[in-house]
file data.pdb (PDB, C-alpha atoms and all ligand atoms)
ATOM      1  CA  MET X   1       3.533  -8.504  -9.748
ATOM      2  CA  ASP X   2       0.282  -6.758  -8.935
ATOM      3  CA  PHE X   3      -1.693  -6.641  -5.687
ATOM      4  CA  LEU X   4      -5.288  -6.570  -6.873
ATOM      5  CA  LYS X   5      -6.730  -9.186  -4.519
ATOM      6  CA  ILE X   6      -5.494 -10.380  -1.156
ATOM      7  CA  THR X   7      -5.051 -13.850  -2.666
ATOM      8  CA  ASP X   8      -2.571 -12.487  -5.240
ATOM      9  CA  ILE X   9      -0.052 -13.239  -2.482
ATOM     10  CA  THR X  10       0.462 -16.500  -0.604
ATOM     11  CA  PRO X  11      -0.024 -16.852   3.165
ATOM     12  CA  ALA X  12       3.783 -16.908   3.515
ATOM     13  CA  GLN X  13       4.095 -13.687   1.494
ATOM     14  CA  LEU X  14       1.357 -12.096   3.597
ATOM     15  CA  ARG X  15       3.416 -12.838   6.714
ATOM     16  CA  GLU X  16       6.532 -11.407   5.012
ATOM     17  CA  ILE X  17       4.737  -8.133   4.239
ATOM     18  CA  LEU X  18       3.450  -7.906   7.811
ATOM     19  CA  ALA X  19       6.944  -8.540   9.179
ATOM     20  CA  ILE X  20       8.440  -5.798   6.975
ATOM     21  CA  SER X  21       5.628  -3.425   7.995
ATOM     22  CA  SER X  22       6.227  -4.105  11.660
ATOM     23  CA  LYS X  23       9.999  -3.628  11.332
ATOM     24  CA  LEU X  24       9.645  -0.390   9.365
ATOM     25  CA  LYS X  25       7.218   0.889  12.003
ATOM     26  CA  ALA X  26       9.631   0.101  14.853
ATOM     27  CA  ASP X  27      12.599   1.573  12.957
ATOM     28  CA  TYR X  28      10.726   4.773  12.137
ATOM     29  CA  ALA X  29       9.742   5.189  15.790
ATOM     30  CA  LYS X  30      13.462   5.023  16.652
ATOM     31  CA  GLY X  31      14.249   7.721  14.079
ATOM     32  CA  ARG X  32      15.580   5.297  11.477
ATOM     33  CA  ALA X  33      14.125   6.052   8.038
ATOM     34  CA  PRO X  34      16.426   4.788   5.275
ATOM     35  CA  PRO X  35      15.305   5.972   1.816
ATOM     36  CA  LEU X  36      14.360   2.467   0.657
ATOM     37  CA  LEU X  37      12.254   3.917  -2.169
ATOM     38  CA  GLY X  38      14.528   6.870  -3.002
ATOM     39  CA  LYS X  39      13.702   8.385  -6.409
ATOM     40  CA  LYS X  40      10.699   6.057  -6.804
ATOM     41  CA  THR X  41       7.285   7.405  -7.755
ATOM     42  CA  LEU X  42       3.862   6.124  -6.817
ATOM     43  CA  LEU X  43       0.965   7.244  -8.982
ATOM     44  CA  MET X  44      -2.322   7.322  -7.039
ATOM     45  CA  LEU X  45      -5.408   7.304  -9.259
ATOM     46  CA  PHE X  46      -8.707   7.898  -7.474
ATOM     47  CA  GLU X  47     -12.236   7.554  -8.863
ATOM     48  CA  LYS X  48     -13.810   7.333  -5.394
ATOM     49  CA  ASN X  49     -13.364   9.390  -2.257
ATOM     50  CA  SER X  50     -10.665   8.573   0.268
ATOM     51  CA  SER X  51      -9.048   9.949   3.407
ATOM     52  CA  ARG X  52      -6.917   7.146   4.914
ATOM     53  CA  THR X  53      -5.807   5.412   1.738
ATOM     54  CA  ARG X  54      -4.597   8.573   0.097
ATOM     55  CA  VAL X  55      -2.855   9.987   3.153
ATOM     56  CA  SER X  56      -1.246   6.686   4.154
ATOM     57  CA  PHE X  57       0.199   5.991   0.699
ATOM     58  CA  GLU X  58       1.423   9.543   0.196
ATOM     59  CA  THR X  59       3.002   9.642   3.656
ATOM     60  CA  ALA X  60       4.501   6.192   3.113
ATOM     61  CA  MET X  61       6.276   7.365  -0.036
ATOM     62  CA  ALA X  62       7.543  10.515   1.711
ATOM     63  CA  GLN X  63       8.912   8.510   4.662
ATOM     64  CA  LEU X  64      10.606   6.060   2.288
ATOM     65  CA  GLY X  65      12.324   8.838   0.358
ATOM     66  CA  GLY X  66      10.098   8.579  -2.727
ATOM     67  CA  HIS X  67       7.341  10.649  -4.216
ATOM     68  CA  ALA X  68       3.579  10.205  -4.708
ATOM     69  CA  ILE X  69       1.394  11.842  -7.356
ATOM     70  CA  PHE X  70      -2.330  12.244  -6.662
ATOM     71  CA  LEU X  71      -4.397  12.020  -9.823
ATOM     72  CA  ASP X  72      -8.120  12.622  -9.435
ATOM     73  CA  ALA X  73      -9.812  10.499 -12.090
ATOM     74  CA  ARG X  74     -12.263  13.325 -12.754
ATOM     75  CA  ALA X  75      -9.346  15.501 -13.819
ATOM     76  CA  SER X  76      -7.613  12.761 -15.802
ATOM     77  CA  GLN X  77      -8.153  11.486 -19.340
ATOM     78  CA  THR X  78      -9.800   8.239 -18.135
ATOM     79  CA  SER X  79     -12.925  10.264 -17.378
ATOM     80  CA  ARG X  80     -12.873  11.461 -20.997
ATOM     81  CA  GLY X  81     -12.756   7.908 -22.296
ATOM     82  CA  GLU X  82      -9.072   6.925 -22.449
ATOM     83  CA  SER X  83      -9.005   3.191 -21.802
ATOM     84  CA  TYR X  84      -7.654   1.785 -18.560
ATOM     85  CA  TYR X  85      -5.243  -0.397 -20.539
ATOM     86  CA  ASP X  86      -3.804   2.633 -22.359
ATOM     87  CA  THR X  87      -3.638   4.607 -19.112
ATOM     88  CA  GLY X  88      -1.699   1.785 -17.462
ATOM     89  CA  ALA X  89       0.672   1.442 -20.392
ATOM     90  CA  ALA X  90       1.364   5.183 -20.599
ATOM     91  CA  LEU X  91       1.568   6.133 -16.927
ATOM     92  CA  GLY X  92       2.917   2.836 -15.624
ATOM     93  CA  GLY X  93       5.946   3.387 -17.837
ATOM     94  CA  MET X  94       6.798   6.555 -15.913
ATOM     95  CA  ALA X  95       5.904   5.570 -12.368
ATOM     96  CA  ASP X  96       7.353   2.737 -10.279
ATOM     97  CA  PHE X  97       3.985   1.760  -8.778
ATOM     98  CA  ILE X  98       0.353   2.627  -9.458
ATOM     99  CA  MET X  99      -2.215   2.505  -6.652
ATOM    100  CA  ALA X 100      -5.767   2.908  -7.922
ATOM    101  CA  ARG X 101      -9.149   3.205  -6.248
ATOM    102  CA  LEU X 102     -11.637   2.480  -9.010
ATOM    103  CA  ASN X 103     -15.364   1.804  -9.177
ATOM    104  CA  SER X 104     -14.988  -1.371 -11.165
ATOM    105  CA  HIS X 105     -12.569  -4.200 -10.461
ATOM    106  CA  ALA X 106     -12.562  -5.059 -14.190
ATOM    107  CA  ASP X 107     -11.191  -1.576 -14.888
ATOM    108  CA  LEU X 108      -8.439  -2.162 -12.335
ATOM    109  CA  GLU X 109      -7.541  -5.418 -14.084
ATOM    110  CA  ALA X 110      -7.411  -3.581 -17.422
ATOM    111  CA  LEU X 111      -5.156  -0.907 -15.900
ATOM    112  CA  ALA X 112      -2.869  -3.621 -14.516
ATOM    113  CA  SER X 113      -2.762  -5.506 -17.793
ATOM    114  CA  GLY X 114      -1.461  -2.390 -19.547
ATOM    115  CA  SER X 115       0.928  -1.284 -16.824
ATOM    116  CA  PRO X 116       4.579  -2.323 -16.865
ATOM    117  CA  CYS X 117       4.875  -1.436 -13.154
ATOM    118  CA  PRO X 118       3.043  -3.105 -10.231
ATOM    119  CA  VAL X 119      -0.574  -2.035  -9.704
ATOM    120  CA  ILE X 120      -2.060  -1.975  -6.194
ATOM    121  CA  ASN X 121      -5.783  -2.127  -5.434
ATOM    122  CA  GLY X 122      -6.667   0.879  -3.275
ATOM    123  CA  LEU X 123     -10.306  -0.415  -3.177
ATOM    124  CA  THR X 124     -12.731  -1.515  -5.848
ATOM    125  CA  ASP X 125     -16.293  -2.815  -5.749
ATOM    126  CA  GLU X 126     -14.758  -6.275  -5.320
ATOM    127  CA  GLU X 127     -11.959  -6.092  -2.731
ATOM    128  CA  HIS X 128      -9.967  -3.852  -0.398
ATOM    129  CA  PRO X 129      -6.764  -5.832   0.238
ATOM    130  CA  CYS X 130      -4.603  -2.951   1.560
ATOM    131  CA  GLN X 131      -7.068  -2.432   4.398
ATOM    132  CA  ILE X 132      -6.644  -6.016   5.491
ATOM    133  CA  LEU X 133      -2.840  -5.699   5.684
ATOM    134  CA  ALA X 134      -3.282  -2.932   8.254
ATOM    135  CA  ASP X 135      -5.975  -4.912  10.078
ATOM    136  CA  LEU X 136      -3.765  -7.973  10.443
ATOM    137  CA  LEU X 137      -0.771  -5.857  11.479
ATOM    138  CA  THR X 138      -2.921  -4.291  14.193
ATOM    139  CA  LEU X 139      -4.195  -7.662  15.350
ATOM    140  CA  GLN X 140      -0.672  -9.084  15.548
ATOM    141  CA  GLU X 141       0.296  -6.110  17.727
ATOM    142  CA  LYS X 142      -2.697  -6.690  20.020
ATOM    143  CA  LEU X 143      -2.910 -10.469  20.088
ATOM    144  CA  GLY X 144       0.434 -11.875  18.892
ATOM    145  CA  GLU X 145       0.139 -15.006  16.744
ATOM    146  CA  LEU X 146      -3.244 -15.002  15.028
ATOM    147  CA  LYS X 147      -3.583 -18.686  14.136
ATOM    148  CA  GLY X 148      -6.614 -20.128  15.917
ATOM    149  CA  ARG X 149      -8.191 -16.752  16.735
ATOM    150  CA  LYS X 150     -11.796 -16.101  15.743
ATOM    151  CA  LEU X 151     -12.938 -12.964  13.960
ATOM    152  CA  ALA X 152     -16.648 -12.188  13.706
ATOM    153  CA  TYR X 153     -17.741  -9.709  11.051
ATOM    154  CA  ALA X 154     -21.227  -8.247  11.460
ATOM    155  CA  GLY X 155     -23.222  -6.423   8.795
ATOM    156  CA  ASP X 156     -22.742  -6.324   5.021
ATOM    157  CA  CYS X 157     -20.915  -9.619   4.483
ATOM    158  CA  ASP X 158     -20.906  -9.206   0.706
ATOM    159  CA  ASN X 159     -18.831  -6.058   0.352
ATOM    160  CA  ASN X 160     -15.218  -5.377  -0.592
ATOM    161  CA  VAL X 161     -13.891  -5.238   2.978
ATOM    162  CA  ALA X 162     -15.716  -8.398   4.097
ATOM    163  CA  ARG X 163     -14.366 -10.332   1.116
ATOM    164  CA  SER X 164     -10.708  -9.364   1.546
ATOM    165  CA  LEU X 165     -11.029  -9.755   5.312
ATOM    166  CA  MET X 166     -12.430 -13.300   5.275
ATOM    167  CA  LEU X 167      -9.688 -14.382   2.884
ATOM    168  CA  GLY X 168      -6.889 -12.565   4.705
ATOM    169  CA  CYS X 169      -7.910 -13.970   8.096
ATOM    170  CA  ALA X 170      -8.220 -17.484   6.686
ATOM    171  CA  MET X 171      -4.726 -17.074   5.168
ATOM    172  CA  MET X 172      -3.440 -16.384   8.700
ATOM    173  CA  GLY X 173      -5.126 -19.529  10.051
ATOM    174  CA  MET X 174      -7.950 -17.645  11.742
ATOM    175  CA  GLY X 175     -11.578 -18.691  12.004
ATOM    176  CA  VAL X 176     -14.088 -16.299  10.443
ATOM    177  CA  SER X 177     -17.746 -15.962  11.319
ATOM    178  CA  LEU X 178     -19.752 -13.724   9.000
ATOM    179  CA  VAL X 179     -22.960 -12.464  10.535
ATOM    180  CA  GLY X 180     -25.673 -10.661   8.589
ATOM    181  CA  PRO X 181     -28.963 -10.932   6.710
ATOM    182  CA  GLN X 182     -29.352 -13.685   4.096
ATOM    183  CA  LYS X 183     -29.510 -11.029   1.367
ATOM    184  CA  ALA X 184     -25.937 -10.037   2.196
ATOM    185  CA  LYS X 185     -24.487 -13.533   2.357
ATOM    186  CA  PRO X 186     -21.016 -13.586   0.775
ATOM    187  CA  LYS X 187     -20.765 -14.953  -2.749
ATOM    188  CA  ALA X 188     -20.256 -18.734  -2.654
ATOM    189  CA  GLU X 189     -16.918 -18.372  -4.439
ATOM    190  CA  TYR X 190     -15.494 -16.258  -1.594
ATOM    191  CA  LEU X 191     -16.672 -18.642   1.113
ATOM    192  CA  LYS X 192     -15.213 -21.558  -0.830
ATOM    193  CA  ASN X 193     -11.871 -19.821  -1.425
ATOM    194  CA  ALA X 194     -11.598 -18.770   2.223
ATOM    195  CA  LYS X 195     -12.438 -22.279   3.485
ATOM    196  CA  ALA X 196      -9.748 -23.678   1.173
ATOM    197  CA  PHE X 197      -7.119 -22.238   3.556
ATOM    198  CA  GLY X 198      -8.301 -24.872   6.028
ATOM    199  CA  THR X 199      -9.949 -22.819   8.751
ATOM    200  CA  ASN X 200     -13.516 -22.559   9.906
ATOM    201  CA  VAL X 201     -15.314 -19.942   7.778
ATOM    202  CA  SER X 202     -19.071 -19.695   8.180
ATOM    203  CA  PHE X 203     -22.064 -17.427   7.609
ATOM    204  CA  THR X 204     -25.087 -17.047   9.872
ATOM    205  CA  SER X 205     -27.916 -14.593  10.378
ATOM    206  CA  ASP X 206     -27.959 -15.290  14.112
ATOM    207  CA  ALA X 207     -25.819 -12.661  15.862
ATOM    208  CA  ALA X 208     -25.651 -14.457  19.237
ATOM    209  CA  SER X 209     -24.190 -17.707  17.899
ATOM    210  CA  GLY X 210     -22.162 -15.977  15.188
ATOM    211  CA  LEU X 211     -20.353 -13.710  17.632
ATOM    212  CA  ALA X 212     -19.978 -16.319  20.381
ATOM    213  CA  ASN X 213     -16.400 -16.935  21.466
ATOM    214  CA  SER X 214     -14.948 -14.390  19.053
ATOM    215  CA  ASP X 215     -11.691 -12.537  19.781
ATOM    216  CA  ILE X 216     -12.424  -9.753  17.309
ATOM    217  CA  VAL X 217     -15.644  -8.050  16.231
ATOM    218  CA  TYR X 218     -15.402  -6.141  12.945
ATOM    219  CA  THR X 219     -17.907  -4.105  10.984
ATOM    220  CA  ASP X 220     -18.035  -1.779   7.990
ATOM    221  CA  THR X 221     -20.569   0.608   6.520
ATOM    222  CA  TRP X 222     -23.939  -0.695   5.374
ATOM    223  CA  VAL X 223     -23.829   1.664   2.381
ATOM    224  CA  SER X 224     -20.581   1.326   0.493
ATOM    225  CA  MET X 225     -19.501   3.866  -2.101
ATOM    226  CA  GLY X 226     -21.648   3.103  -5.127
ATOM    227  CA  ASP X 227     -24.577   1.719  -3.056
ATOM    228  CA  GLU X 228     -26.029   5.151  -2.246
ATOM    229  CA  LYS X 229     -29.213   4.650  -4.287
ATOM    230  CA  GLU X 230     -30.166   1.692  -2.075
ATOM    231  CA  ALA X 231     -29.298   3.496   1.162
ATOM    232  CA  ALA X 232     -32.787   3.541   2.722
ATOM    233  CA  ALA X 233     -33.430  -0.175   2.100
ATOM    234  CA  ARG X 234     -29.955  -1.080   3.331
ATOM    235  CA  LEU X 235     -30.282   0.838   6.600
ATOM    236  CA  LYS X 236     -33.436  -1.176   7.302
ATOM    237  CA  LEU X 237     -31.990  -4.514   6.207
ATOM    238  CA  PHE X 238     -28.887  -4.304   8.370
ATOM    239  CA  ALA X 239     -30.397  -2.584  11.430
ATOM    240  CA  PRO X 240     -30.479  -5.786  13.570
ATOM    241  CA  TYR X 241     -26.711  -6.106  13.130
ATOM    242  CA  GLN X 242     -25.613  -2.776  14.571
ATOM    243  CA  VAL X 243     -22.532  -3.343  16.724
ATOM    244  CA  ASN X 244     -23.606  -1.951  20.092
ATOM    245  CA  SER X 245     -22.937  -3.056  23.697
ATOM    246  CA  LYS X 246     -25.567  -5.783  23.401
ATOM    247  CA  LEU X 247     -23.915  -7.293  20.334
ATOM    248  CA  MET X 248     -20.402  -6.935  21.787
ATOM    249  CA  ALA X 249     -21.575  -8.888  24.841
ATOM    250  CA  TYR X 250     -22.009 -11.990  22.643
ATOM    251  CA  ALA X 251     -18.240 -11.983  21.968
ATOM    252  CA  LYS X 252     -15.478 -12.808  24.469
ATOM    253  CA  PRO X 253     -15.211 -10.143  27.194
ATOM    254  CA  THR X 254     -11.645  -9.552  25.975
ATOM    255  CA  ALA X 255     -12.716  -9.078  22.330
ATOM    256  CA  VAL X 256     -11.431  -6.064  20.416
ATOM    257  CA  PHE X 257     -13.600  -3.983  18.088
ATOM    258  CA  MET X 258     -12.409  -3.020  14.608
ATOM    259  CA  HIS X 259     -13.774  -0.914  11.748
ATOM    260  CA  CYS X 260     -11.990   0.060   8.530
ATOM    261  CA  LEU X 261     -13.544   3.554   8.838
ATOM    262  CA  PRO X 262     -15.150   5.885   7.948
ATOM    263  CA  ALA X 263     -17.739   4.941  10.583
ATOM    264  CA  HIS X 264     -21.378   5.932  10.510
ATOM    265  CA  ARG X 265     -22.170   6.358  14.173
ATOM    266  CA  GLY X 266     -25.662   5.138  15.023
ATOM    267  CA  GLU X 267     -25.787   2.945  11.913
ATOM    268  CA  GLU X 268     -23.381  -0.014  11.725
ATOM    269  CA  VAL X 269     -21.761   0.941  15.044
ATOM    270  CA  ALA X 270     -22.925   2.693  18.194
ATOM    271  CA  SER X 271     -20.653   5.399  19.596
ATOM    272  CA  GLU X 272     -20.512   3.497  22.912
ATOM    273  CA  VAL X 273     -18.541   0.774  21.070
ATOM    274  CA  LEU X 274     -16.551   2.948  18.678
ATOM    275  CA  ASP X 275     -15.323   5.111  21.564
ATOM    276  CA  GLY X 276     -15.317   2.280  24.110
ATOM    277  CA  ALA X 277     -12.423   0.487  25.785
ATOM    278  CA  GLN X 278     -12.534  -2.478  23.381
ATOM    279  CA  SER X 279     -12.180  -0.307  20.269
ATOM    280  CA  ILE X 280      -8.843  -0.283  18.436
ATOM    281  CA  VAL X 281     -10.101   1.531  15.349
ATOM    282  CA  PHE X 282      -7.641   4.418  15.392
ATOM    283  CA  GLN X 283      -4.601   2.186  15.964
ATOM    284  CA  GLN X 284      -5.987   0.231  13.007
ATOM    285  CA  ALA X 285      -6.357   3.392  10.897
ATOM    286  CA  ASN X 286      -2.857   4.622  11.801
ATOM    287  CA  ASN X 287      -1.419   1.269  10.828
ATOM    288  CA  ARG X 288      -2.534   1.862   7.244
ATOM    289  CA  LEU X 289       0.665   3.896   6.938
ATOM    290  CA  HIS X 290       2.942   1.125   8.161
ATOM    291  CA  ALA X 291       1.191  -1.598   6.172
ATOM    292  CA  GLN X 292       1.422   0.507   3.024
ATOM    293  CA  LYS X 293       5.152   0.955   3.608
ATOM    294  CA  GLY X 294       5.624  -2.777   4.068
ATOM    295  CA  LEU X 295       3.714  -3.554   0.884
ATOM    296  CA  LEU X 296       5.605  -0.992  -1.220
ATOM    297  CA  VAL X 297       9.017  -2.119   0.037
ATOM    298  CA  TRP X 298       8.099  -5.773  -0.486
ATOM    299  CA  LEU X 299       6.871  -5.100  -4.030
ATOM    300  CA  ALA X 300      10.006  -3.072  -4.844
ATOM    301  CA  GLY X 301      12.135  -6.011  -3.699
ATOM    302  CA  ARG X 302      10.421  -8.342  -6.176
ATOM    303  CA  LYS X 303      11.004  -6.385  -9.375
TER     304      LYS X 303
HETATM  305  N1  LIG Z   1     -10.555   2.582   5.209
HETATM  306  C1  LIG Z   1     -10.323   3.315   4.105
HETATM  307  O1  LIG Z   1      -9.962   2.807   3.036
HETATM  308  O2  LIG Z   1     -10.488   4.649   4.297
HETATM  309  P1  LIG Z   1     -10.568   5.785   3.184
HETATM  310  O3  LIG Z   1     -11.797   5.535   2.368
HETATM  311  O4  LIG Z   1     -10.610   7.066   3.948
HETATM  312  O5  LIG Z   1      -9.337   5.681   2.298
HETATM  313  N1  LIG Z   2     -17.039  -0.799   2.050
HETATM  314  C1  LIG Z   2     -16.646   0.589   2.076
HETATM  315  C2  LIG Z   2     -15.237   0.733   2.523
HETATM  316  C3  LIG Z   2     -14.735   2.139   2.646
HETATM  317  C4  LIG Z   2     -13.301   2.218   3.052
HETATM  318  C5  LIG Z   2     -16.865   1.217   0.717
HETATM  319  O1  LIG Z   2     -16.572   0.565  -0.305
HETATM  320  O2  LIG Z   2     -17.350   2.338   0.656
END

call {"tool": "encode", "arguments": {"input": "data.pdb", "output": "structure tokens"}}
result
Amino acid sequence: MDFLKITDITPAQLREILAISSKLKADYAKGRAPPLLGKKTLLMLFEKNSSRTRVSFETAMAQLGGHAIFLDARASQTSRGESYYDTGAALGGMADFIMARLNSHADLEALASGSPCPVINGLTDEEHPCQILADLLTLQEKLGELKGRKLAYAGDCDNNVARSLMLGCAMMGMGVSLVGPQKAKPKAEYLKNAKAFGTNVSFTSDAASGLANSDIVYTDTWVSMGDEKEAAARLKLFAPYQVNSKLMAYAKPTAVFMHCLPAHRGEEVASEVLDGAQSIVFQQANNRLHAQKGLLVWLAGRK
């Protein structure tokens, strides 16, 4: 079983992973850390930069009694042309899990097709499902049951985080309002798949109506890793969707603000919001650790 897209699991399995994450978090806080992944190894293959994903997975393995290996793709044989399939077959036979952050989702699929052990998407150009586990864990802590809540996402609605987020929220029974310029409208396939979970999922370019009545306001960078060449045009395109006090005022007064981080202050988010009372971004970032633990333990239980 691999975790390449958030929809690789069912809504019921998503809730199971969140429940395990939450329990492991509470247990760890009480000093209880059974070595549930004793002697297990996680291989972490990175083609793109990372702070949170790397540290959360490595710490997760340490806290669960296992071991993590960091392999920088630039120092590995994949960068010299070894195929992703062969890499998966060779390294996946030694490790118990592979987590990979690759440029291309097709390469991740090739890695997974070769690997005898589960492969986890640590972010590709297509999706970022591990992020969404932590986001939903954080939201459950803040808001309790999430069914019927409304999340508004402002900015680049056609990036990896937006895609996994709209699907993950819909899987939890949440409404999703994507707000951004027409050029960044999510691919039709994602909107269709998210709507298939039976909740209200919509896209608009009008920030006031899109954010109205929302319980959560979420944003991500306007220039994802790999989009750097288009940076100047993107900063202009998305400028009207900066999450600042004016935009936050369209949401419910009780709304929380989320960001997967890293944030670009003064671009997609104003510091007044990132550092403001509604922001839960660092709780969200810290929960990457607990969500990663829940996912790893859940995957180990399925083998
Ligand atoms: N949010 C996230 O994935 O952060 P990193 O790029 O630092 O891993
Ligand atoms: N959309 C961003 C997320 C970073 C965690 C990127 O792909 O760069």

call {"tool": "closest_atom_pairs", "arguments": {"input": "data.pdb", "of": "chain X", "to": "ligand LIG 2 (chain Z)", "cutoff": "9 Å", "atoms": "all atoms listed in the file", "output": "CSV"}}
result
residue,atom,partner,partner_atom,distance
X:Lys48,CA,Z:LIG2,O2,8.6
X:Asn49,CA,Z:LIG2,O2,8.6
X:Ser50,CA,Z:LIG2,C4,7.4
X:Ser51,CA,Z:LIG2,C4,8.8
X:Arg52,CA,Z:LIG2,C4,8.3
X:Thr53,CA,Z:LIG2,C4,8.3
X:Leu123,CA,Z:LIG2,O1,7.0
X:Thr124,CA,Z:LIG2,O1,7.1
X:Asp125,CA,Z:LIG2,O1,6.4
X:Glu126,CA,Z:LIG2,O1,8.7
X:Glu127,CA,Z:LIG2,O1,8.5
X:His128,CA,Z:LIG2,C2,7.6
X:Gln131,CA,Z:LIG2,C4,7.9
X:Asp156,CA,Z:LIG2,N1,8.5
X:Asn159,CA,Z:LIG2,N1,5.8
X:Asn160,CA,Z:LIG2,N1,5.6
X:Val161,CA,Z:LIG2,N1,5.5
X:Ala162,CA,Z:LIG2,N1,8.0
X:Asp220,CA,Z:LIG2,N1,6.1
X:Thr221,CA,Z:LIG2,N1,5.9
X:Trp222,CA,Z:LIG2,N1,7.7
X:Val223,CA,Z:LIG2,O2,6.7
X:Ser224,CA,Z:LIG2,O2,3.4
X:Met225,CA,Z:LIG2,O2,3.8
X:Gly226,CA,Z:LIG2,O2,7.2
X:Asp227,CA,Z:LIG2,O2,8.1
X:Cys260,CA,Z:LIG2,C4,6.0
X:Leu261,CA,Z:LIG2,C4,5.9
X:Pro262,CA,Z:LIG2,C4,6.4
X:Ala263,CA,Z:LIG2,C3,8.9

call {"tool": "write_last_selection", "arguments": {"input": "data.pdb", "atoms": "C-alpha atoms", "output": "PDB file, in the coordinates of the input"}}
result
ATOM      1  CA  LYS X  48     -13.810   7.333  -5.394  1.00  0.00           C
ATOM      2  CA  ASN X  49     -13.364   9.390  -2.257  1.00  0.00           C
ATOM      3  CA  SER X  50     -10.665   8.573   0.268  1.00  0.00           C
ATOM      4  CA  SER X  51      -9.048   9.949   3.407  1.00  0.00           C
ATOM      5  CA  ARG X  52      -6.917   7.146   4.914  1.00  0.00           C
ATOM      6  CA  THR X  53      -5.807   5.412   1.738  1.00  0.00           C
ATOM      7  CA  LEU X 123     -10.306  -0.415  -3.177  1.00  0.00           C
ATOM      8  CA  THR X 124     -12.731  -1.515  -5.848  1.00  0.00           C
ATOM      9  CA  ASP X 125     -16.293  -2.815  -5.749  1.00  0.00           C
ATOM     10  CA  GLU X 126     -14.758  -6.275  -5.320  1.00  0.00           C
ATOM     11  CA  GLU X 127     -11.959  -6.092  -2.731  1.00  0.00           C
ATOM     12  CA  HIS X 128      -9.967  -3.852  -0.398  1.00  0.00           C
ATOM     13  CA  GLN X 131      -7.068  -2.432   4.398  1.00  0.00           C
ATOM     14  CA  ASP X 156     -22.742  -6.324   5.021  1.00  0.00           C
ATOM     15  CA  ASN X 159     -18.831  -6.058   0.352  1.00  0.00           C
ATOM     16  CA  ASN X 160     -15.218  -5.377  -0.592  1.00  0.00           C
ATOM     17  CA  VAL X 161     -13.891  -5.238   2.978  1.00  0.00           C
ATOM     18  CA  ALA X 162     -15.716  -8.398   4.097  1.00  0.00           C
ATOM     19  CA  ASP X 220     -18.035  -1.779   7.990  1.00  0.00           C
ATOM     20  CA  THR X 221     -20.569   0.608   6.520  1.00  0.00           C
ATOM     21  CA  TRP X 222     -23.939  -0.695   5.374  1.00  0.00           C
ATOM     22  CA  VAL X 223     -23.829   1.664   2.381  1.00  0.00           C
ATOM     23  CA  SER X 224     -20.581   1.326   0.493  1.00  0.00           C
ATOM     24  CA  MET X 225     -19.501   3.866  -2.101  1.00  0.00           C
ATOM     25  CA  GLY X 226     -21.648   3.103  -5.127  1.00  0.00           C
ATOM     26  CA  ASP X 227     -24.577   1.719  -3.056  1.00  0.00           C
ATOM     27  CA  CYS X 260     -11.990   0.060   8.530  1.00  0.00           C
ATOM     28  CA  LEU X 261     -13.544   3.554   8.838  1.00  0.00           C
ATOM     29  CA  PRO X 262     -15.150   5.885   7.948  1.00  0.00           C
ATOM     30  CA  ALA X 263     -17.739   4.941  10.583  1.00  0.00           C
TER      31      ALA X 263
END

call {"tool": "atom_distance", "arguments": {"input": "data.pdb", "atom1": "CA of Leu37 in chain X", "atom2": "CA of Gly66 in chain X"}}
result
5.2 Å

call {"tool": "resolve_selection", "arguments": {"input": "data.pdb", "expression": "the PyMOL selection byres (((chain X and resi 208) around 10) and not hetatm)", "output": "ChimeraX atom specification"}}
result
/X:179,204-207,209-213,246-251

call {"tool": "resolve_selection", "arguments": {"input": "data.pdb", "expression": "the PyMOL selection byres (((chain X and resi 175) around 6) and not hetatm)", "output": "ChimeraX atom specification"}}
result
/X:150,174,176,199-201

call {"tool": "residues_around", "arguments": {"input": "data.pdb", "residues": "Leu299 in chain X", "least_positions_apart": "5", "cutoff": "9 Å", "atoms": "all atoms listed in the file", "output": "PDB file with C-alpha atoms, in the coordinates of the input"}}
result
ATOM      1  CA  MET X   1       3.533  -8.504  -9.748  1.00  0.00           C
ATOM      2  CA  ASP X   2       0.282  -6.758  -8.935  1.00  0.00           C
ATOM      3  CA  PHE X   3      -1.693  -6.641  -5.687  1.00  0.00           C
ATOM      4  CA  PHE X  97       3.985   1.760  -8.778  1.00  0.00           C
ATOM      5  CA  PRO X 118       3.043  -3.105 -10.231  1.00  0.00           C
ATOM      6  CA  GLY X 294       5.624  -2.777   4.068  1.00  0.00           C
TER       7      GLY X 294
END

call {"tool": "closest_residue", "arguments": {"input": "data.pdb", "among": "X:Ala285, X:Ala154, X:Met172, X:Leu139", "to": "Asp215 in chain X", "atoms": "all atoms listed in the file"}}
result
X:Leu139

call {"tool": "residues_around", "arguments": {"input": "data.pdb", "residues": "range 57-64 of chain X", "least_positions_apart": "3", "cutoff": "6 Å", "atoms": "all atoms listed in the file", "output": "list in words"}}
result
Pro35, Leu36, Leu37, Arg54, His67, Ala68, Leu289 and Lys293 of chain X

call {"tool": "write_last_selection", "arguments": {"input": "data.pdb", "atoms": "C-alpha atoms", "output": "CSV table (one decimal), keeping the file's coordinate frame"}}
result
chain,number,residue,atom,x,y,z
X,35,PRO,CA,15.3,6.0,1.8
X,36,LEU,CA,14.4,2.5,0.7
X,37,LEU,CA,12.3,3.9,-2.2
X,54,ARG,CA,-4.6,8.6,0.1
X,67,HIS,CA,7.3,10.6,-4.2
X,68,ALA,CA,3.6,10.2,-4.7
X,289,LEU,CA,0.7,3.9,6.9
X,293,LYS,CA,5.2,1.0,3.6

call {"tool": "atom_distance", "arguments": {"input": "data.pdb", "atom1": "CA of Lys5 in chain X", "atom2": "CA of Ser164 in chain X"}}
result
7.3 Å

call {"tool": "axis_aligned_box", "arguments": {"input": "data.pdb", "around": "ligand LIG 1 (chain Z)", "padding_each_side": "6 Å", "output": "AutoDock Vina command-line options"}}
result
--center_x -10.6 --center_y 4.8 --center_z 3.8 --size_x 14.5 --size_y 16.5 --size_z 14.9
